[in-house]
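Listing of input-v2.cif; format and content: mmCIF, C-alpha atoms.
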```cif
data_my_file
loop_
_atom_site.label_atom_id
_atom_site.label_comp_id
_atom_site.auth_asym_id
_atom_site.auth_seq_id
_atom_site.Cartn_x
_atom_site.Cartn_y
_atom_site.Cartn_z
CA MET A 1 -29.49 -163.04 -80.45
CA GLY A 2 -26.17 -163.37 -82.24
CA THR A 3 -26.52 -159.89 -83.74
CA LYS A 4 -27.15 -158.36 -80.31
CA LYS A 5 -24.04 -160.07 -78.96
CA ILE A 6 -21.94 -158.76 -81.86
CA ASN A 7 -23.30 -155.23 -81.36
CA PHE A 8 -22.58 -155.40 -77.62
CA ILE A 9 -18.97 -156.46 -78.23
CA LYS A 10 -18.57 -153.78 -80.90
CA ASN A 11 -20.04 -150.99 -78.76
CA TYR A 12 -18.21 -151.90 -75.57
CA SER A 13 -14.96 -153.36 -76.92
CA SER A 14 -12.92 -150.30 -75.89
CA ILE A 15 -14.44 -150.32 -72.41
CA LEU A 16 -13.85 -154.06 -71.97
CA LEU A 17 -10.24 -153.69 -73.11
CA LEU A 18 -9.75 -150.75 -70.73
CA LEU A 19 -11.22 -152.71 -67.82
CA SER A 20 -9.10 -155.75 -68.67
CA GLY A 21 -5.93 -153.62 -68.69
CA ILE A 22 -6.77 -151.97 -65.35
CA ILE A 23 -7.68 -155.28 -63.66
CA ALA A 24 -4.55 -156.98 -65.00
CA GLY A 25 -2.41 -154.06 -63.84
CA SER A 26 -3.96 -154.09 -60.36
CA ILE A 27 -3.33 -157.82 -60.00
CA LEU A 28 0.28 -157.45 -61.15
CA GLY A 29 0.78 -154.61 -58.66
CA LEU A 30 -0.52 -156.75 -55.78
CA VAL A 31 1.47 -159.84 -56.78
CA PHE A 32 4.85 -158.31 -57.66
CA GLY A 33 4.80 -155.26 -55.38
CA LYS A 34 7.59 -152.72 -55.93
CA ASP A 35 9.20 -154.96 -58.59
CA ILE A 36 6.39 -153.96 -60.96
CA GLU A 37 7.94 -150.49 -61.23
CA ILE A 38 9.80 -151.81 -64.28
CA ILE A 39 6.63 -151.41 -66.40
CA LYS A 40 5.82 -147.92 -65.09
CA PRO A 41 7.43 -146.28 -68.19
CA LEU A 42 4.61 -147.77 -70.30
CA GLY A 43 2.11 -145.80 -68.26
CA ASP A 44 4.31 -142.69 -68.39
CA ILE A 45 4.54 -142.90 -72.19
CA PHE A 46 0.75 -143.07 -72.51
CA LEU A 47 0.25 -140.14 -70.12
CA ASN A 48 2.97 -138.09 -71.81
CA LEU A 49 1.29 -138.60 -75.19
CA LEU A 50 -2.00 -137.45 -73.68
CA PHE A 51 -0.46 -134.41 -72.02
CA THR A 52 1.36 -133.27 -75.16
CA ALA A 53 -1.89 -133.50 -77.12
CA ILE A 54 -3.93 -131.68 -74.47
CA ILE A 55 -2.62 -128.16 -75.13
CA PRO A 56 -3.57 -128.00 -78.85
CA LEU A 57 -6.81 -129.87 -78.06
CA ILE A 58 -7.86 -127.21 -75.55
CA PHE A 59 -6.93 -124.40 -77.91
CA PHE A 60 -8.76 -125.76 -80.96
CA THR A 61 -11.89 -127.02 -79.18
CA ILE A 62 -12.53 -123.73 -77.38
CA THR A 63 -11.58 -121.35 -80.19
CA SER A 64 -13.47 -123.24 -82.92
CA SER A 65 -16.53 -123.62 -80.71
CA ILE A 66 -16.75 -119.90 -79.91
CA ALA A 67 -15.84 -118.85 -83.46
CA ASN A 68 -18.82 -120.85 -84.75
CA LEU A 69 -21.40 -119.36 -82.39
CA GLU A 70 -24.21 -117.72 -84.33
CA LYS A 71 -24.84 -114.91 -81.86
CA THR A 72 -22.54 -113.32 -79.29
CA GLU A 73 -25.46 -113.22 -76.83
CA LYS A 74 -25.41 -117.01 -76.83
CA LEU A 75 -21.96 -117.01 -75.27
CA GLY A 76 -23.08 -114.76 -72.42
CA ARG A 77 -26.07 -116.95 -71.60
CA LEU A 78 -23.91 -120.06 -71.75
CA PHE A 79 -21.40 -118.54 -69.31
CA VAL A 80 -24.07 -117.51 -66.79
CA VAL A 81 -25.61 -120.99 -66.75
CA MET A 82 -22.21 -122.68 -66.59
CA VAL A 83 -21.03 -120.61 -63.61
CA ALA A 84 -24.31 -121.29 -61.77
CA VAL A 85 -24.01 -125.05 -62.38
CA PHE A 86 -20.33 -125.15 -61.37
CA LEU A 87 -20.87 -123.21 -58.12
CA GLY A 88 -24.03 -125.13 -57.26
CA THR A 89 -22.45 -128.59 -57.60
CA LEU A 90 -19.26 -127.47 -55.78
CA LEU A 91 -21.21 -126.27 -52.76
CA ILE A 92 -23.49 -129.31 -52.73
CA SER A 93 -20.51 -131.68 -52.78
CA ALA A 94 -18.86 -129.77 -49.90
CA ILE A 95 -22.07 -129.90 -47.85
CA VAL A 96 -22.35 -133.67 -48.46
CA MET A 97 -18.81 -134.08 -47.07
CA ILE A 98 -19.56 -131.88 -44.04
CA ILE A 99 -22.59 -134.05 -43.26
CA ALA A 100 -20.46 -137.19 -43.67
CA VAL A 101 -17.82 -136.04 -41.14
CA TYR A 102 -20.58 -135.10 -38.70
CA ILE A 103 -22.24 -138.51 -38.98
CA PHE A 104 -18.88 -140.32 -38.80
CA PRO A 105 -16.67 -138.04 -36.67
CA ILE A 106 -12.90 -138.44 -36.81
CA HIS A 107 -11.63 -138.90 -33.25
CA GLN A 108 -8.15 -140.25 -33.73
CA ASN A 109 -4.61 -138.95 -33.51
CA ILE A 110 -3.05 -138.59 -36.93
CA ILE A 111 0.66 -139.30 -37.03
CA VAL A 112 2.51 -136.44 -38.65
CA SER A 113 4.63 -138.23 -41.24
CA LYS A 114 7.85 -136.62 -42.37
CA VAL A 115 7.70 -136.24 -46.16
CA PRO A 116 9.66 -133.93 -48.47
CA LEU A 117 7.84 -130.64 -48.98
CA GLU A 118 7.49 -129.04 -52.37
CA ASN A 119 8.68 -125.49 -52.89
CA ILE A 120 5.58 -123.36 -52.55
CA ALA A 121 5.49 -120.19 -54.62
CA THR A 122 5.27 -117.09 -52.49
CA GLY A 123 4.05 -113.61 -53.28
CA ASN A 124 1.17 -111.28 -52.57
CA VAL A 125 -2.38 -112.10 -53.61
CA GLY A 126 -2.31 -109.78 -56.64
CA ASP A 127 0.84 -111.40 -58.05
CA GLN A 128 -0.60 -114.90 -57.58
CA ILE A 129 -3.83 -113.93 -59.36
CA ALA A 130 -1.86 -112.40 -62.24
CA GLN A 131 0.25 -115.57 -62.59
CA LEU A 132 -2.88 -117.72 -62.45
CA LEU A 133 -4.75 -115.85 -65.19
CA THR A 134 -1.93 -114.77 -67.53
CA THR A 135 1.65 -115.44 -68.63
CA ASN A 136 4.32 -112.91 -69.53
CA ASP A 137 5.31 -114.69 -72.75
CA PHE A 138 3.45 -116.62 -75.44
CA TYR A 139 5.50 -119.81 -75.16
CA GLU A 140 4.50 -120.18 -71.49
CA LEU A 141 0.91 -120.76 -72.64
CA LEU A 142 2.10 -124.08 -74.09
CA SER A 143 2.62 -125.57 -70.62
CA ARG A 144 -0.22 -127.33 -68.82
CA LYS A 145 0.90 -125.44 -65.69
CA SER A 146 -0.62 -122.37 -67.40
CA MET A 147 -3.90 -124.11 -68.25
CA LEU A 148 -6.20 -121.35 -67.01
CA ALA A 149 -4.20 -118.71 -68.87
CA LEU A 150 -4.38 -120.84 -72.04
CA ILE A 151 -8.15 -121.21 -71.69
CA ILE A 152 -8.61 -117.45 -71.28
CA PHE A 153 -6.37 -116.83 -74.30
CA SER A 154 -8.34 -119.39 -76.34
CA PHE A 155 -11.60 -117.68 -75.45
CA LEU A 156 -10.19 -114.33 -76.56
CA ILE A 157 -8.97 -115.78 -79.89
CA GLY A 158 -12.34 -117.46 -80.49
CA PHE A 159 -14.23 -114.28 -79.69
CA ALA A 160 -11.90 -112.20 -81.88
CA THR A 161 -12.50 -114.63 -84.75
CA LEU A 162 -16.24 -114.35 -84.21
CA GLN A 163 -16.03 -110.54 -84.27
CA SER A 164 -13.94 -110.58 -87.48
CA GLY A 165 -16.92 -111.71 -89.55
CA GLU A 166 -16.19 -112.67 -93.17
CA LYS A 167 -12.58 -111.52 -92.93
CA GLY A 168 -11.98 -114.16 -90.27
CA ASN A 169 -13.52 -117.06 -92.22
CA SER A 170 -10.17 -118.45 -93.36
CA PHE A 171 -8.85 -118.49 -89.81
CA LYS A 172 -12.11 -120.04 -88.60
CA SER A 173 -11.67 -122.83 -91.18
CA PHE A 174 -8.16 -123.39 -89.83
CA LEU A 175 -9.56 -123.69 -86.29
CA ASP A 176 -12.25 -126.14 -87.42
CA SER A 177 -9.69 -128.22 -89.29
CA GLY A 178 -7.31 -128.22 -86.31
CA ASN A 179 -10.14 -129.33 -84.04
CA GLU A 180 -10.91 -132.32 -86.26
CA VAL A 181 -7.22 -133.28 -86.59
CA MET A 182 -6.78 -133.22 -82.81
CA LYS A 183 -9.87 -135.40 -82.33
CA GLN A 184 -8.39 -138.02 -84.69
CA LEU A 185 -5.00 -137.84 -82.96
CA LEU A 186 -6.61 -138.43 -79.59
CA ASN A 187 -8.57 -141.38 -80.94
CA MET A 188 -5.23 -142.89 -81.96
CA ILE A 189 -3.63 -142.23 -78.56
CA MET A 190 -6.60 -143.70 -76.68
CA LYS A 191 -6.05 -147.03 -78.43
CA LEU A 192 -2.99 -147.36 -76.16
CA ALA A 193 -5.11 -146.79 -73.04
CA PRO A 194 -5.49 -150.45 -71.93
CA ILE A 195 -1.70 -150.94 -71.83
CA GLY A 196 -0.88 -147.47 -70.51
CA LEU A 197 -3.51 -147.38 -67.78
CA GLY A 198 -2.81 -151.01 -66.87
CA ALA A 199 0.85 -150.18 -66.26
CA TYR A 200 -0.06 -147.04 -64.33
CA PHE A 201 -2.52 -148.93 -62.14
CA ALA A 202 0.07 -151.63 -61.43
CA TYR A 203 2.48 -148.99 -60.14
CA GLN A 204 -0.15 -147.14 -58.08
CA VAL A 205 -1.42 -150.31 -56.41
CA SER A 206 2.11 -151.47 -55.57
CA PHE A 207 3.26 -148.08 -54.28
CA TYR A 208 0.25 -146.62 -52.45
CA GLY A 209 -1.69 -149.74 -51.46
CA PRO A 210 -0.03 -150.41 -48.07
CA GLN A 211 -0.58 -146.82 -46.87
CA LEU A 212 -4.34 -147.20 -47.21
CA PHE A 213 -4.44 -149.37 -44.08
CA GLY A 214 -2.44 -147.13 -41.74
CA VAL A 215 -3.52 -144.27 -39.52
CA TYR A 216 -5.35 -142.65 -42.42
CA ALA A 217 -7.76 -145.57 -42.80
CA LYS A 218 -10.78 -143.95 -41.11
CA PRO A 219 -10.57 -140.55 -42.86
CA LEU A 220 -10.04 -142.35 -46.18
CA GLY A 221 -12.96 -144.69 -45.49
CA ILE A 222 -15.26 -141.75 -44.77
CA TYR A 223 -14.06 -139.88 -47.85
CA TYR A 224 -14.32 -142.79 -50.27
CA GLY A 225 -17.75 -143.72 -48.90
CA ALA A 226 -19.05 -140.14 -49.24
CA CYS A 227 -17.60 -139.84 -52.76
CA ILE A 228 -19.14 -143.11 -53.93
CA PHE A 229 -22.49 -142.00 -52.49
CA TYR A 230 -22.20 -138.60 -54.19
CA PHE A 231 -21.11 -140.16 -57.48
CA PHE A 232 -24.04 -142.53 -57.83
CA VAL A 233 -26.82 -140.64 -56.02
CA PHE A 234 -26.14 -137.00 -56.89
CA PHE A 235 -24.84 -137.58 -60.41
CA SER A 236 -28.04 -139.57 -61.05
CA LEU A 237 -30.05 -136.70 -59.58
CA TYR A 238 -28.21 -134.21 -61.80
CA ALA A 239 -28.94 -136.41 -64.83
CA PHE A 240 -32.66 -136.41 -63.96
CA ILE A 241 -32.56 -132.61 -63.63
CA ALA A 242 -30.88 -132.45 -67.05
CA GLY A 243 -33.61 -134.42 -68.76
CA GLY A 244 -35.45 -137.01 -66.70
CA LYS A 245 -35.19 -140.76 -67.19
CA ARG A 246 -33.87 -140.52 -70.75
CA ALA A 247 -30.98 -138.27 -69.71
CA PHE A 248 -30.25 -140.66 -66.82
CA VAL A 249 -29.93 -143.58 -69.23
CA VAL A 250 -27.85 -141.56 -71.71
CA PHE A 251 -25.42 -140.42 -69.01
CA TRP A 252 -24.77 -143.80 -67.38
CA SER A 253 -24.63 -145.58 -70.75
CA ASN A 254 -21.74 -143.38 -71.92
CA ASN A 255 -19.99 -142.71 -68.63
CA VAL A 256 -17.82 -145.82 -68.18
CA THR A 257 -14.79 -144.82 -70.27
CA PRO A 258 -14.49 -141.28 -68.82
CA ALA A 259 -14.85 -142.67 -65.29
CA LEU A 260 -12.15 -145.31 -65.78
CA THR A 261 -9.85 -142.82 -67.49
CA ALA A 262 -10.23 -140.39 -64.59
CA ILE A 263 -9.43 -143.07 -61.99
CA GLY A 264 -6.55 -144.45 -64.01
CA THR A 265 -4.82 -141.16 -64.84
CA CYS A 266 -5.67 -139.17 -61.68
CA SER A 267 -5.89 -136.16 -63.98
CA SER A 268 -8.87 -134.01 -64.93
CA ILE A 269 -6.92 -132.70 -67.92
CA ALA A 270 -5.96 -136.17 -69.19
CA THR A 271 -9.65 -137.12 -69.01
CA ILE A 272 -10.75 -134.26 -71.30
CA PRO A 273 -10.51 -136.37 -74.49
CA ALA A 274 -12.64 -139.17 -73.02
CA ASN A 275 -15.12 -136.60 -71.67
CA LEU A 276 -15.43 -134.89 -75.05
CA LEU A 277 -16.01 -138.20 -76.84
CA ALA A 278 -18.63 -139.24 -74.28
CA ALA A 279 -20.36 -135.84 -74.49
CA GLU A 280 -20.50 -136.18 -78.27
CA LYS A 281 -22.15 -139.59 -77.94
CA MET A 282 -24.61 -138.07 -75.47
CA LYS A 283 -25.64 -135.57 -78.20
CA ILE A 284 -24.62 -132.56 -76.11
CA PRO A 285 -24.32 -129.60 -78.55
CA ALA A 286 -20.74 -129.08 -79.76
CA HIS A 287 -20.50 -125.45 -78.63
CA VAL A 288 -21.61 -126.49 -75.12
CA ARG A 289 -19.35 -129.52 -74.64
CA ASN A 290 -16.34 -127.80 -76.24
CA VAL A 291 -16.60 -124.94 -73.76
CA VAL A 292 -17.88 -126.53 -70.52
CA ILE A 293 -15.62 -129.59 -70.45
CA PRO A 294 -12.24 -127.92 -71.17
CA LEU A 295 -13.10 -125.03 -68.85
CA GLY A 296 -14.39 -127.38 -66.17
CA ALA A 297 -11.13 -129.36 -66.03
CA PRO A 298 -9.14 -126.64 -64.22
CA LEU A 299 -12.06 -124.81 -62.57
CA HIS A 300 -14.77 -127.30 -61.57
CA LYS A 301 -13.78 -129.94 -59.01
CA ASP A 302 -16.42 -131.60 -56.86
CA GLY A 303 -13.87 -134.16 -55.62
CA SER A 304 -11.39 -131.46 -54.59
CA SER A 305 -14.22 -129.64 -52.83
CA MET A 306 -14.93 -132.74 -50.75
CA SER A 307 -11.24 -133.47 -50.10
CA SER A 308 -10.76 -129.89 -48.91
CA ILE A 309 -13.42 -130.43 -46.24
CA LEU A 310 -11.81 -133.75 -45.23
CA LYS A 311 -8.34 -132.20 -44.88
CA ILE A 312 -9.66 -129.30 -42.81
CA THR A 313 -11.55 -131.73 -40.54
CA VAL A 314 -8.51 -133.97 -40.03
CA LEU A 315 -6.24 -131.00 -39.33
CA PHE A 316 -8.72 -129.58 -36.82
CA THR A 317 -8.81 -132.97 -35.09
CA MET A 318 -5.00 -133.10 -35.01
CA PHE A 319 -4.71 -129.74 -33.28
CA GLY A 320 -7.77 -130.08 -31.03
CA LYS A 321 -9.80 -127.33 -32.72
CA ASP A 322 -13.60 -127.26 -33.04
CA PHE A 323 -14.92 -127.66 -36.59
CA THR A 324 -18.61 -127.26 -35.62
CA GLU A 325 -18.78 -123.46 -35.37
CA PRO A 326 -20.86 -121.85 -38.17
CA SER A 327 -18.13 -119.33 -39.02
CA THR A 328 -15.61 -122.16 -39.43
CA ILE A 329 -17.95 -124.08 -41.73
CA LEU A 330 -18.75 -121.02 -43.86
CA LEU A 331 -15.05 -120.27 -44.20
CA ALA A 332 -14.43 -123.91 -45.17
CA LEU A 333 -17.07 -123.63 -47.92
CA GLY A 334 -15.37 -120.50 -49.24
CA ILE A 335 -11.99 -122.24 -49.22
CA THR A 336 -13.37 -125.22 -51.16
CA VAL A 337 -14.55 -122.93 -53.97
CA ILE A 338 -11.14 -121.23 -54.14
CA VAL A 339 -9.32 -124.58 -53.99
CA SER A 340 -11.37 -125.84 -56.91
CA ILE A 341 -10.26 -122.85 -58.97
CA VAL A 342 -6.56 -122.69 -58.10
CA GLU A 343 -5.67 -126.40 -58.04
CA GLY A 344 -4.12 -127.75 -61.22
CA GLY A 345 -5.66 -130.51 -63.35
CA ILE A 346 -2.50 -132.65 -63.39
CA PRO A 347 -1.91 -135.76 -61.22
CA ASN A 348 -1.36 -134.75 -57.60
CA GLY A 349 -1.12 -131.22 -58.92
CA GLY A 350 -0.10 -128.44 -56.58
CA TYR A 351 -0.63 -127.88 -52.89
CA ILE A 352 -1.79 -124.27 -53.10
CA GLY A 353 -5.21 -125.24 -51.73
CA GLU A 354 -3.72 -126.95 -48.68
CA VAL A 355 -1.41 -124.01 -48.01
CA LEU A 356 -4.36 -121.62 -48.31
CA ALA A 357 -6.47 -123.57 -45.79
CA ILE A 358 -3.60 -123.95 -43.32
CA THR A 359 -2.76 -120.25 -43.55
CA VAL A 360 -6.36 -119.05 -43.18
CA TYR A 361 -6.95 -121.15 -40.07
CA GLY A 362 -3.59 -120.26 -38.54
CA LEU A 363 -2.34 -123.86 -38.26
CA PRO A 364 1.40 -124.67 -37.98
CA MET A 365 2.59 -125.20 -41.55
CA ALA A 366 5.44 -127.62 -40.78
CA GLU A 367 3.15 -130.11 -39.00
CA ALA A 368 -0.05 -129.62 -41.00
CA LEU A 369 1.17 -129.56 -44.60
CA PRO A 370 2.63 -133.11 -44.70
CA VAL A 371 -0.68 -134.57 -43.47
CA ALA A 372 -2.65 -132.60 -46.06
CA MET A 373 -0.23 -133.70 -48.79
CA ILE A 374 -0.50 -137.39 -47.88
CA LEU A 375 -4.30 -137.23 -47.70
CA GLY A 376 -4.37 -135.41 -51.03
CA THR A 377 -2.28 -138.16 -52.64
CA LEU A 378 -4.33 -141.04 -51.23
CA VAL A 379 -7.72 -139.56 -52.17
CA ASP A 380 -6.55 -138.46 -55.62
CA PRO A 381 -8.07 -141.32 -57.70
CA ILE A 382 -11.69 -140.95 -56.57
CA ALA A 383 -11.35 -137.16 -56.22
CA THR A 384 -10.32 -137.04 -59.89
CA LEU A 385 -13.30 -139.25 -60.76
CA LEU A 386 -15.68 -136.64 -59.32
CA ASN A 387 -13.65 -133.72 -60.67
CA ALA A 388 -13.48 -134.98 -64.25
CA ASN A 389 -16.79 -136.82 -64.46
CA GLY A 390 -18.56 -133.86 -62.93
CA ASP A 391 -17.70 -131.90 -66.06
CA VAL A 392 -19.73 -134.31 -68.21
CA ILE A 393 -22.83 -134.19 -66.02
CA SER A 394 -22.43 -130.41 -65.71
CA SER A 395 -22.33 -130.08 -69.50
CA MET A 396 -25.64 -131.99 -69.63
CA MET A 397 -27.26 -129.58 -67.17
CA VAL A 398 -25.79 -126.53 -68.92
CA SER A 399 -27.11 -127.88 -72.22
CA ARG A 400 -30.55 -128.38 -70.69
CA PHE A 401 -30.80 -124.91 -69.15
CA SER A 402 -29.09 -122.88 -71.90
CA GLU A 403 -30.16 -124.79 -75.03
CA LYS A 404 -33.31 -126.60 -73.82
CA THR A 405 -31.73 -129.88 -74.98
CA LYS A 406 -33.90 -132.98 -74.70
CA TRP A 407 -32.59 -136.51 -74.83
#
```
What is this file in structure tokens?
Amino acid sequence: MGTKKINFIKNYSSILLLLSGIIAGSILGLVFGKDIEIIKPLGDIFLNLLFTAIIPLIFFTITSSIANLEKTEKLGRLFVVMVAVFLGTLLISAIVMIIAVYIFPIHQNIIVSKVPLENIATGNVGDQIAQLLTTNDFYELLSRKSMLALIIFSFLIGFATLQSGEKGNSFKSFLDSGNEVMKQLLNMIMKLAPIGLGAYFAYQVSFYGPQLFGVYAKPLGIYYGACIFYFFVFFSLYAFIAGGKRAFVVFWSNNVTPALTAIGTCSSIATIPANLLAAEKMKIPAHVRNVVIPLGAPLHKDGSSMSSILKITVLFTMFGKDFTEPSTILLALGITVIVSIVEGGIPNGGYIGEVLAITVYGLPMAEALPVAMILGTLVDPIATLLNANGDVISSMMVSRFSEKTKW
């Protein structure tokens, strides 16, 4: 009995410390209110350490994984399965949210709050796509704002290394070594997580808490309820698809730290290290987890898909438009897929998705954008949970379908 207790404490010590830090931070935020902002720099330091480590982590995990593939055909099969899984879960999550807003319709007037608007980049569609996929200088790849461009570049380097054969072995060894060094660095940074996330939670609770009970209460209640339902029911279903009861147990046994990290950081990118560690414990093949999880962070967002539907529904209610027409719903589904691709993986990152939806439906930008921004901020924690955690469960399904992995 004593041995079991020691093993439990050893296996879950990091999780218990993380939970303790988050709970303590939440209590401090409720008790001290805005005065707790004094400890916010502790959370910022932790997040900044994570963000500075993310760029080399992405580069080394993707390049080393592809460089070590035995056959180039394997990469093609992996991509096909990954795209199918990503699109499938995105559309399912959007449909779940559509059903939720039909069952619990939003029939209230939303107050258009006056908030400062960010400068939205303008330009034609071709220019925006070029900026999304590439940069015009190498150093710009080192910014997390160019995450998709960095991922594409990493894939090209990995594939070039693979094609180089024996002449590329030295460079491949460098990539493998860099991957291991970055894993150790991130293990060191994550030891600060209880303090960093605790401070960040304290600030979030003190700053955003009161707004949760205003005019946005009903839309937020519907969204959080639908997300919690999707998280437990559909993620469990996905785990069963990935490998039955054993995969279900493996997923939920190793999912606590990634889930808490996602909620605490509100960043899919900051959750990549926790996701990679969890995927390793789940015995997902290295070449699968090192491709699916980093690529999923900027591209695969079930939570953003659901929030896109919520924002469109609320905006339609505001301006007295009908959301029930089939053409409107199909267009909304298309927008959710695009939003999941173009939105950044950083906290509260970008409002390109909102601008896209408002423009497509012809809504007045000045009145609609502030509402979408506020909703986006308030749903960010649980949206990030689905965005980031969805990458882990997706990697399990990709592993099952492309590698026939059994747990």
Original post:
Expressed in Å to a single decimal, how great is the separation between atom CA of Ser305 of chain A and atom CA of Tyr230 of chain A?
Top reply: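 Distance reported for this atom pair: 12.1 Å.
Interatomic distance, atom CA of Thr384 of chain A against atom CA of Gly158 of chain A: 28.5 Å.
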Original post:
Which one is closest to Ile55 of chain A: A:Gly88, A:Gly165, A:Gly196, A:Pro294? Count only C-alpha atoms.
Top reply: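 Using only C-alpha atoms, the shortest distance to Ile55 of chain A belongs to A:Pro294.
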**OP:** Could you please determine the separation between atom CA of Ser173 of chain A and atom CA of Leu133 of chain A in Å, to one decimal place?
**Re:** 27.8 Å
Original post:
Could you name the residues that touch Phe316 of chain A at 12 Å or less, counting only C-alpha atoms, but leaving out those on the same chain fewer than 4 positions away, as a list in words?
Top reply: Val101, Pro105, Ile106, His107, Gln108, Asn109, Ile110, Ile309, Leu310, Lys311, Ile312, Gly320, Lys321, Asp322, Phe323, Thr324, Glu325, Thr328, Ile329, Ala332, Ala357, Ile358, Tyr361, Gly362, Leu363, Pro364, Ala368, Val371 and Ala372 of chain A
Subject >> From A:Leu16, A:Val205, A:Ile272, A:Leu50, residue lying nearest Phe32 of chain A [all atoms listed in the file] >> reply: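 Among A:Leu16, A:Val205, A:Ile272, A:Leu50, it is A:Val205 that comes nearest to Phe32 of chain A.
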**OP:** Would you kindly return, as a PyMOL selection string, each protein, DNA or RNA residue with an atom no farther than 10 Å from any atom of segment 231-234 of chain A, considering only C-alpha atoms and excluding same-chain residues fewer than 5 positions away?
**Re:** chain A and resi 89+92-93+96+225-226+239-240+252+302-303+382+385-386+389-390
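The smallest atom-to-atom distance between Ser65 of chain A and any of A:Pro273, A:Gly244, A:Gly178, A:Gly25, using all atoms listed in the file, is found for A:Gly178.
Of the residues listed (A:Ile222, A:Val314, A:Ser236, A:Leu87), A:Val314 shows the shortest atom-to-atom separation from Ile374 of chain A; distances use only C-alpha atoms.
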Selection dump of the PyMOL selection byres ((chain A and resi 281) around 12), as a compact mmCIF listing (two decimals) with C-alpha atoms, in the coordinates of the input:
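Full text of selection29.txt as output:
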```
# COMPACT_ATOMS: atom_id res chain seq x y z
CA ASN A 11 -20.04 -150.99 -78.76
CA VAL A 250 -27.85 -141.56 -71.71
CA PHE A 251 -25.42 -140.42 -69.01
CA TRP A 252 -24.77 -143.80 -67.38
CA SER A 253 -24.63 -145.58 -70.75
CA ASN A 254 -21.74 -143.38 -71.92
CA ASN A 255 -19.99 -142.71 -68.63
CA THR A 257 -14.79 -144.82 -70.27
CA ALA A 274 -12.64 -139.17 -73.02
CA ASN A 275 -15.12 -136.60 -71.67
CA LEU A 276 -15.43 -134.89 -75.05
CA LEU A 277 -16.01 -138.20 -76.84
CA ALA A 278 -18.63 -139.24 -74.28
CA ALA A 279 -20.36 -135.84 -74.49
CA GLU A 280 -20.50 -136.18 -78.27
CA MET A 282 -24.61 -138.07 -75.47
CA LYS A 283 -25.64 -135.57 -78.20
CA ILE A 284 -24.62 -132.56 -76.11
CA PRO A 285 -24.32 -129.60 -78.55
CA ALA A 286 -20.74 -129.08 -79.76
CA ARG A 289 -19.35 -129.52 -74.64
CA VAL A 392 -19.73 -134.31 -68.21
CA MET A 396 -25.64 -131.99 -69.63
CA TRP A 407 -32.59 -136.51 -74.83
```
**OP:** Convert the output of the PyMOL selection byres ((chain A and resi 19) around 12) on the shown file into explicit residues, formatted as a ChimeraX atom specification.
**Re:** /A:12-18,20-26,193-198,201,256-261,263-264
**OP:** Name the residues that the PyMOL selection byres ((chain A and resi 146-155) around 6) picks from the file above, as an NGL selection string, using the file's chain letters and numbers.
**Re:** :A and (59 or 63 or 133-134 or 141 or 143-145 or 156-158)
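If all atoms listed in the file are the atoms counted, then among A:Ala199, A:Ile45, A:Ile99, A:Ala242 the closest residue to Lys404 of chain A is A:Ala242.
Nearest residue to Pro219 of chain A, choosing from A:Leu162, A:Met97, A:Leu185, A:Leu175 and counting all atoms listed in the file: A:Met97.
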**OP:** Skip Leu47 of chain A itself and residues of its chain fewer than 6 positions away, then list as a count of residues only all residues within 10 Å of it, counting only C-alpha atoms.
**Re:** 11
Excluding same-chain residues fewer than 4 positions from Ser177 of chain A, what lies within 9 Å of it counting all atoms listed in the file, as a short mmCIF file (atom, residue, chain, number, x, y, z; two decimals) with C-alpha atoms, keeping the file's coordinate frame?
```
data_model
loop_
_atom_site.label_atom_id
_atom_site.label_comp_id
_atom_site.auth_asym_id
_atom_site.auth_seq_id
_atom_site.Cartn_x
_atom_site.Cartn_y
_atom_site.Cartn_z
CA PHE A 60 -8.76 -125.76 -80.96
CA SER A 64 -13.47 -123.24 -82.92
CA LYS A 172 -12.11 -120.04 -88.60
CA SER A 173 -11.67 -122.83 -91.18
CA VAL A 181 -7.22 -133.28 -86.59
CA MET A 182 -6.78 -133.22 -82.81
#
```
